[in-house]
Amino acid sequence: MPEITTKPRTKVKPQTERPKLYKVILINDDFTPREFVVTVLKGEFKLSEDQAHRIMITAHRRGVCVVAVFTKDVAETKATRATDAGKAKGYPLLFTVEPEE
């Protein structure tokens, strides 16, 4: 009878990498009404009235403000939908996306 040798199996757990995150950035303009910007921030990003107002004021004073951080697909979708909301009303409202460092 031949000898059977067994080798212990080593379990290799696949390392899953966290998805890269992207910042959604509000770009200030001098034409879009502040109230409309707050409404878009509340609607698209589910922010409270206070949070939306603070983000709008920061963008107004500094020129830009990070709204939120998401995975790439979510960030691009939210930025596009928020920008399109401004275009639908005839405003130059602009949200951009860039990788988080």
# chains A, B, ... in the order shown; residues from 1 in each chain; ligands from 1

$ residues_around --residues "A:Ser48" --least-positions-apart "6" --cutoff "10 Å" --atoms "only C-alpha atoms" --output "PyMOL selection string"
chain A and resi 38-39+41-42+54

$ closest_atom_pairs --of "stretch 48-90 of chain A" --to "stretch 9-19 of chain A" --cutoff "10 Å" --atoms "only C-alpha atoms" --output "tab-separated table"
residue	atom	partner	partner_atom	distance
A:Phe70	CA	A:Pro19	CA	9.4
A:Thr71	CA	A:Pro19	CA	6.5
A:Lys72	CA	A:Pro19	CA	8.2

$ atom_distance --atom1 "atom CA of A:Lys23" --atom2 "atom CA of A:Val67"
7.3 Å

$ residues_around --residues "stretch 75-80 of chain A" --least-positions-apart "4" --cutoff "7 Å" --atoms "only C-alpha atoms" --output "ChimeraX atom specification"
/A:22-24,44,70-71,84,95-97

$ write_last_selection --atoms "N, CA and C atoms" --output "short mmCIF file (atom, residue, chain, number, x, y, z; two decimals), in the first residue's frame"
data_model
loop_
_atom_site.label_atom_id
_atom_site.label_comp_id
_atom_site.auth_asym_id
_atom_site.auth_seq_id
_atom_site.Cartn_x
_atom_site.Cartn_y
_atom_site.Cartn_z
N TYR A 22 -13.32 60.31 -3.97
CA TYR A 22 -13.30 61.54 -4.76
C TYR A 22 -14.09 62.63 -4.06
N LYS A 23 -13.57 63.85 -4.15
CA LYS A 23 -14.23 65.00 -3.53
C LYS A 23 -15.18 65.64 -4.55
N VAL A 24 -16.36 66.00 -4.08
CA VAL A 24 -17.28 66.80 -4.88
C VAL A 24 -17.07 68.24 -4.43
N GLU A 44 -29.66 67.19 -3.22
CA GLU A 44 -28.77 66.19 -3.83
C GLU A 44 -27.84 65.52 -2.83
N PHE A 70 -17.00 60.80 -1.85
CA PHE A 70 -17.67 59.56 -2.23
C PHE A 70 -16.75 58.70 -3.08
N THR A 71 -17.22 57.50 -3.42
CA THR A 71 -16.52 56.72 -4.43
C THR A 71 -16.70 57.44 -5.77
N ASP A 84 -26.58 69.89 -13.31
CA ASP A 84 -27.73 69.89 -14.21
C ASP A 84 -28.93 70.60 -13.61
N PHE A 95 -20.43 72.01 -10.12
CA PHE A 95 -19.82 71.09 -9.17
C PHE A 95 -18.80 70.27 -9.95
N THR A 96 -17.61 70.08 -9.39
CA THR A 96 -16.58 69.27 -10.05
C THR A 96 -16.19 68.12 -9.12
N VAL A 97 -15.42 67.18 -9.66
CA VAL A 97 -14.96 66.02 -8.91
C VAL A 97 -13.46 65.91 -9.07
#

$ select_by_dssp --residues "chain A" --states "strand (DSSP E)" --output "list in words"
Leu21, Tyr22, Lys23, Val24, Ile25, Leu26, Ile27, Val64, Cys65, Val66, Val67, Ala68, Val69, Phe70, Thr71, Leu94, Phe95, Thr96, Val97, Glu98 and Pro99 of chain A

$ write_last_selection --atoms "N, CA, C and O atoms" --output "tab-separated table (two decimals), in the first residue's frame"
chain	number	residue	atom	x	y	z
A	21	LEU	N	-11.36	57.43	-3.15
A	21	LEU	CA	-12.42	58.37	-2.88
A	21	LEU	C	-12.21	59.66	-3.68
A	21	LEU	O	-11.08	60.03	-4.00
A	22	TYR	N	-13.32	60.31	-3.97
A	22	TYR	CA	-13.30	61.54	-4.76
A	22	TYR	C	-14.09	62.63	-4.06
A	22	TYR	O	-15.14	62.37	-3.48
A	23	LYS	N	-13.57	63.85	-4.15
A	23	LYS	CA	-14.23	65.00	-3.53
A	23	LYS	C	-15.18	65.64	-4.55
A	23	LYS	O	-14.81	65.81	-5.71
A	24	VAL	N	-16.36	66.00	-4.08
A	24	VAL	CA	-17.28	66.80	-4.88
A	24	VAL	C	-17.07	68.24	-4.43
A	24	VAL	O	-17.17	68.54	-3.23
A	25	ILE	N	-16.75	69.12	-5.37
A	25	ILE	CA	-16.39	70.49	-5.04
A	25	ILE	C	-17.40	71.46	-5.67
A	25	ILE	O	-17.71	71.36	-6.86
A	26	LEU	N	-17.87	72.39	-4.86
A	26	LEU	CA	-18.75	73.45	-5.32
A	26	LEU	C	-17.89	74.64	-5.74
A	26	LEU	O	-17.06	75.11	-4.97
A	27	ILE	N	-18.09	75.11	-6.98
A	27	ILE	CA	-17.36	76.26	-7.50
A	27	ILE	C	-18.28	77.48	-7.40
A	27	ILE	O	-19.43	77.44	-7.86
A	64	VAL	N	-14.23	78.16	-3.70
A	64	VAL	CA	-14.56	76.73	-3.82
A	64	VAL	C	-14.79	76.15	-2.42
A	64	VAL	O	-14.33	76.73	-1.43
A	65	CYS	N	-15.48	75.02	-2.38
A	65	CYS	CA	-15.68	74.33	-1.10
A	65	CYS	C	-15.95	72.85	-1.38
A	65	CYS	O	-16.72	72.52	-2.29
A	66	VAL	N	-15.31	71.98	-0.61
A	66	VAL	CA	-15.59	70.55	-0.72
A	66	VAL	C	-16.95	70.28	-0.09
A	66	VAL	O	-17.20	70.66	1.06
A	67	VAL	N	-17.83	69.67	-0.84
A	67	VAL	CA	-19.17	69.36	-0.36
A	67	VAL	C	-19.18	68.04	0.38
A	67	VAL	O	-19.67	67.94	1.51
A	68	ALA	N	-18.63	67.00	-0.25
A	68	ALA	CA	-18.63	65.66	0.34
A	68	ALA	C	-17.61	64.79	-0.38
A	68	ALA	O	-17.08	65.18	-1.42
A	69	VAL	N	-17.36	63.60	0.16
A	69	VAL	CA	-16.41	62.66	-0.42
A	69	VAL	C	-17.13	61.33	-0.63
A	69	VAL	O	-17.79	60.82	0.28
A	70	PHE	N	-17.00	60.80	-1.85
A	70	PHE	CA	-17.67	59.56	-2.23
A	70	PHE	C	-16.75	58.70	-3.08
A	70	PHE	O	-15.68	59.15	-3.48
A	71	THR	N	-17.22	57.50	-3.42
A	71	THR	CA	-16.52	56.72	-4.43
A	71	THR	C	-16.70	57.44	-5.77
A	71	THR	O	-17.57	58.30	-5.91
A	94	LEU	N	-21.88	75.12	-10.73
A	94	LEU	CA	-20.92	74.11	-11.17
A	94	LEU	C	-20.37	73.33	-9.99
A	94	LEU	O	-19.90	73.90	-9.00
A	95	PHE	N	-20.43	72.01	-10.12
A	95	PHE	CA	-19.82	71.09	-9.17
A	95	PHE	C	-18.80	70.27	-9.95
A	95	PHE	O	-19.08	69.82	-11.07
A	96	THR	N	-17.61	70.08	-9.39
A	96	THR	CA	-16.58	69.27	-10.05
A	96	THR	C	-16.19	68.12	-9.12
A	96	THR	O	-16.56	68.10	-7.94
A	97	VAL	N	-15.42	67.18	-9.66
A	97	VAL	CA	-14.96	66.02	-8.91
A	97	VAL	C	-13.46	65.91	-9.07
A	97	VAL	O	-12.94	66.09	-10.18
A	98	GLU	N	-12.76	65.64	-7.98
A	98	GLU	CA	-11.32	65.39	-8.07
A	98	GLU	C	-10.93	64.35	-7.04
A	98	GLU	O	-11.58	64.21	-6.00
A	99	PRO	N	-9.87	63.58	-7.32
A	99	PRO	CA	-9.45	62.52	-6.39
A	99	PRO	C	-9.01	63.09	-5.05
A	99	PRO	O	-8.42	64.17	-4.99

$ select_by_dssp --residues "chain A" --states "helix (DSSP H, G or I)" --output "PyMOL selection string"
chain A and resi 34-45+49-62+72-88

$ closest_residue --among "A:Ile57, A:Ala52, A:Lys20, A:Ile4" --to "A:Glu101" --atoms "only C-alpha atoms"
A:Lys20

$ residues_around --residues "stretch 30-37 of chain A" --least-positions-apart "4" --cutoff "7 Å" --atoms "only C-alpha atoms" --output "VMD selection string"
chain A and resid 41 56 91 to 93

$ write_last_selection --atoms "N, CA, C and O atoms" --output "PDB file, in the first residue's frame"
ATOM      1  N   LEU A  41     -27.939  71.725  -2.562  1.00  0.00           N
ATOM      2  CA  LEU A  41     -27.109  70.986  -1.609  1.00  0.00           C
ATOM      3  C   LEU A  41     -27.966  70.099  -0.702  1.00  0.00           C
ATOM      4  O   LEU A  41     -27.613  68.953  -0.432  1.00  0.00           O
ATOM      5  N   MET A  56     -22.250  76.721   1.283  1.00  0.00           N
ATOM      6  CA  MET A  56     -22.492  77.778   0.301  1.00  0.00           C
ATOM      7  C   MET A  56     -21.690  79.030   0.647  1.00  0.00           C
ATOM      8  O   MET A  56     -21.049  79.636  -0.215  1.00  0.00           O
ATOM      9  N   TYR A  91     -28.922  78.699 -14.452  1.00  0.00           N
ATOM     10  CA  TYR A  91     -27.813  79.212 -13.639  1.00  0.00           C
ATOM     11  C   TYR A  91     -26.512  78.508 -14.003  1.00  0.00           C
ATOM     12  O   TYR A  91     -26.511  77.328 -14.375  1.00  0.00           O
ATOM     13  N   PRO A  92     -25.375  79.193 -13.839  1.00  0.00           N
ATOM     14  CA  PRO A  92     -24.080  78.568 -14.138  1.00  0.00           C
ATOM     15  C   PRO A  92     -23.511  77.778 -12.948  1.00  0.00           C
ATOM     16  O   PRO A  92     -22.296  77.684 -12.798  1.00  0.00           O
ATOM     17  N   LEU A  93     -24.365  77.215 -12.128  1.00  0.00           N
ATOM     18  CA  LEU A  93     -23.934  76.436 -10.962  1.00  0.00           C
ATOM     19  C   LEU A  93     -23.025  75.302 -11.421  1.00  0.00           C
ATOM     20  O   LEU A  93     -23.342  74.601 -12.380  1.00  0.00           O
TER      21      LEU A  93
END

$ atom_distance --atom1 "atom CA of A:Lys89" --atom2 "atom CA of A:Asp29"
14.6 Å
